[in-house]
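Participant: Take a look at the following structure, please.
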Amino acid sequence: MMSSKSTESKSPLRKTGPLSRLSGFFYAKSTLVTALLATVVFAGYTVLILSGQGKAFEVANSSVKSLGTSLGFGQAEVLAFLAERSVEQITAYIAFNQVWDSLFGLIYGVMYVVWVSLLLKPYSLKVGLLNLLPFGQVLFDWLENFSLASLSNQYLADGTIASSTALVASTASTIKWVFALLVYGVILVGIVARIVGALKRRNQR
């Protein structure tokens, strides 16, 4: 008979790193109620706060309302965006990136993590940290935000922008949208998996 000590020595070690604990927390706490609540907070913040803050630097008939909504952009686009705005509008844009849009990233990140965790909960042992994928989008969103704020501050100081910082902002923006597509894909797969699982359980009755 194999001793319990030898059995334990052959069993795989359970990962207890901070990311694993965070992933486990969301799997455990994510319910339909928390997912719907997170969605209400997201929608309320978007409509009541973020849209109002965006109007502070809005230019009538401008082709680009905010650089963060573009799938990548170059130094020329950043200069054109800043050139058609006043000092007050650029200052508002800096605050928007550093505060309001960064907080928005955290809000939508948590919302998506909760939904992904809820949908993938039955498969959590197989997919592991996949429920934290939306936080990747948040990280690159923040990098984009603070790069744009840095460019705006430089433009106010001397009327120029650093091409290297513009490249960082553009690259971060592109990666952010790639993560967004991946998150939507995971959510779609999770919905399909849940439907298929429900149909299988019904047929087994």
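Naming scheme: A, B, ... for chains in displayed order of the structure tokens; residues 1 onward per chain; ligands 1 onward as shown.
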Need to verify the contact set: segment 126-142 of chain A, 8 Å, only C-alpha atoms, exclusion of same-chain residues closer than 5 positions in sequence. Can you return it as a PyMOL selection string?
Facilitator: chain A and resi 19-20+23+26-27+102+105-106+109-110+112-114+116-117+120+172-173+175-177+179-180+183
Participant: Step one, run DSSP on the backbone; step two, keep only residues of segment 23-66 of chain A assigned to alpha helix (DSSP H); then write them as a PyMOL selection string.
Facilitator: chain A and resi 23-29+32-45+51-54
Participant: Could you check which of A:Ser124, A:Thr160, A:Thr46, A:Gln204 is closest to Phe25 of chain A, using only C-alpha atoms?
Facilitator: A:Ser124
Participant: So that I can check the surroundings of Phe73 of chain A, please list as a PyMOL selection string every protein, DNA and RNA residue that reaches within 7 Å of it, counting only C-alpha atoms and ignoring chain neighbours fewer than 3 positions away.
Facilitator: chain A and resi 70+77+170
Participant: Go through A:Ala80, A:Ser147, A:Gly17, A:Met111 one by one, measure the shortest atom-to-atom distance of each to Val33 of chain A using only C-alpha atoms, and give the residue with the smallest value.
Facilitator: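 Of all the options, A:Met111 lies closest to Val33 of chain A.
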Participant: Nearest residue to Ala162 of chain A out of A:Leu50, A:Val99, A:Leu199, A:Leu79, using only C-alpha atoms?
Facilitator: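 Using only C-alpha atoms, Ala162 of chain A sits closest to A:Leu79.
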Participant: Could you give me, as a PDB file with all heavy atoms, in the first residue's frame, the residues within 9 Å of segment 58-61 of chain A, counting only C-alpha atoms and dropping anything in the same chain fewer than 3 positions from it?
Facilitator:
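Saved as selection22.pdb:
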ATOM      1  N   GLY A  54     -15.714  63.689 -22.070  1.00  0.00           N
ATOM      2  CA  GLY A  54     -15.215  63.726 -23.441  1.00  0.00           C
ATOM      3  C   GLY A  54     -15.640  64.974 -24.190  1.00  0.00           C
ATOM      4  O   GLY A  54     -14.929  65.435 -25.101  1.00  0.00           O
ATOM      5  N   LYS A  55     -16.771  65.539 -23.820  1.00  0.00           N
ATOM      6  CA  LYS A  55     -17.258  66.746 -24.491  1.00  0.00           C
ATOM      7  C   LYS A  55     -16.362  67.955 -24.221  1.00  0.00           C
ATOM      8  O   LYS A  55     -16.375  68.925 -24.986  1.00  0.00           O
ATOM      9  CB  LYS A  55     -18.687  67.048 -24.060  1.00  0.00           C
ATOM     10  CG  LYS A  55     -19.706  66.027 -24.542  1.00  0.00           C
ATOM     11  CD  LYS A  55     -21.111  66.412 -24.146  1.00  0.00           C
ATOM     12  CE  LYS A  55     -22.117  65.346 -24.556  1.00  0.00           C
ATOM     13  NZ  LYS A  55     -22.131  65.108 -26.007  1.00  0.00           N
ATOM     14  N   VAL A  64     -11.756  62.919 -35.717  1.00  0.00           N
ATOM     15  CA  VAL A  64     -11.322  62.065 -34.607  1.00  0.00           C
ATOM     16  C   VAL A  64     -11.754  62.710 -33.290  1.00  0.00           C
ATOM     17  O   VAL A  64     -11.281  63.783 -32.933  1.00  0.00           O
ATOM     18  CB  VAL A  64      -9.788  61.864 -34.610  1.00  0.00           C
ATOM     19  CG1 VAL A  64      -9.376  60.968 -33.450  1.00  0.00           C
ATOM     20  CG2 VAL A  64      -9.329  61.264 -35.925  1.00  0.00           C
ATOM     21  N   LYS A  65     -12.687  62.065 -32.595  1.00  0.00           N
ATOM     22  CA  LYS A  65     -13.152  62.590 -31.309  1.00  0.00           C
ATOM     23  C   LYS A  65     -12.133  62.349 -30.209  1.00  0.00           C
ATOM     24  O   LYS A  65     -11.936  63.168 -29.329  1.00  0.00           O
ATOM     25  CB  LYS A  65     -14.482  61.926 -30.932  1.00  0.00           C
ATOM     26  CG  LYS A  65     -15.601  62.126 -31.953  1.00  0.00           C
ATOM     27  CD  LYS A  65     -15.968  63.586 -32.103  1.00  0.00           C
ATOM     28  CE  LYS A  65     -17.134  63.758 -33.080  1.00  0.00           C
ATOM     29  NZ  LYS A  65     -17.482  65.184 -33.286  1.00  0.00           N
ATOM     30  N   SER A  66     -11.489  61.184 -30.254  1.00  0.00           N
ATOM     31  CA  SER A  66     -10.470  60.828 -29.272  1.00  0.00           C
ATOM     32  C   SER A  66      -9.528  59.823 -29.906  1.00  0.00           C
ATOM     33  O   SER A  66      -9.973  58.879 -30.569  1.00  0.00           O
ATOM     34  CB  SER A  66     -11.105  60.229 -28.010  1.00  0.00           C
ATOM     35  OG  SER A  66     -10.111  59.841 -27.077  1.00  0.00           O
ATOM     36  N   GLU A  84      -5.831  71.296 -33.473  1.00  0.00           N
ATOM     37  CA  GLU A  84      -7.151  71.888 -33.637  1.00  0.00           C
ATOM     38  C   GLU A  84      -7.876  72.097 -32.310  1.00  0.00           C
ATOM     39  O   GLU A  84      -9.064  72.428 -32.299  1.00  0.00           O
ATOM     40  CB  GLU A  84      -8.015  71.019 -34.568  1.00  0.00           C
ATOM     41  CG  GLU A  84      -8.320  69.639 -34.042  1.00  0.00           C
ATOM     42  CD  GLU A  84      -9.194  68.843 -35.020  1.00  0.00           C
ATOM     43  OE1 GLU A  84      -9.582  69.413 -36.077  1.00  0.00           O
ATOM     44  OE2 GLU A  84      -9.493  67.680 -34.735  1.00  0.00           O
ATOM     45  N   ARG A  85      -7.137  71.950 -31.190  1.00  0.00           N
ATOM     46  CA  ARG A  85      -7.752  72.141 -29.886  1.00  0.00           C
ATOM     47  C   ARG A  85      -7.048  73.253 -29.111  1.00  0.00           C
ATOM     48  O   ARG A  85      -5.845  73.469 -29.261  1.00  0.00           O
ATOM     49  CB  ARG A  85      -7.727  70.831 -29.088  1.00  0.00           C
ATOM     50  CG  ARG A  85      -8.779  69.854 -29.565  1.00  0.00           C
ATOM     51  CD  ARG A  85      -8.564  68.429 -29.104  1.00  0.00           C
ATOM     52  NE  ARG A  85      -9.725  67.608 -29.465  1.00  0.00           N
ATOM     53  CZ  ARG A  85      -9.941  67.120 -30.685  1.00  0.00           C
ATOM     54  NH1 ARG A  85      -9.057  67.337 -31.640  1.00  0.00           N
ATOM     55  NH2 ARG A  85     -11.024  66.411 -30.945  1.00  0.00           N
ATOM     56  N   GLN A  89      -8.819  72.795 -23.899  1.00  0.00           N
ATOM     57  CA  GLN A  89      -9.282  71.488 -24.372  1.00  0.00           C
ATOM     58  C   GLN A  89      -8.196  70.427 -24.232  1.00  0.00           C
ATOM     59  O   GLN A  89      -8.483  69.280 -23.867  1.00  0.00           O
ATOM     60  CB  GLN A  89      -9.746  71.594 -25.826  1.00  0.00           C
ATOM     61  CG  GLN A  89     -11.072  72.319 -26.004  1.00  0.00           C
ATOM     62  CD  GLN A  89     -11.452  72.466 -27.461  1.00  0.00           C
ATOM     63  OE1 GLN A  89     -10.622  72.865 -28.295  1.00  0.00           O
ATOM     64  NE2 GLN A  89     -12.684  72.139 -27.793  1.00  0.00           N
TER      65      GLN A  89
END
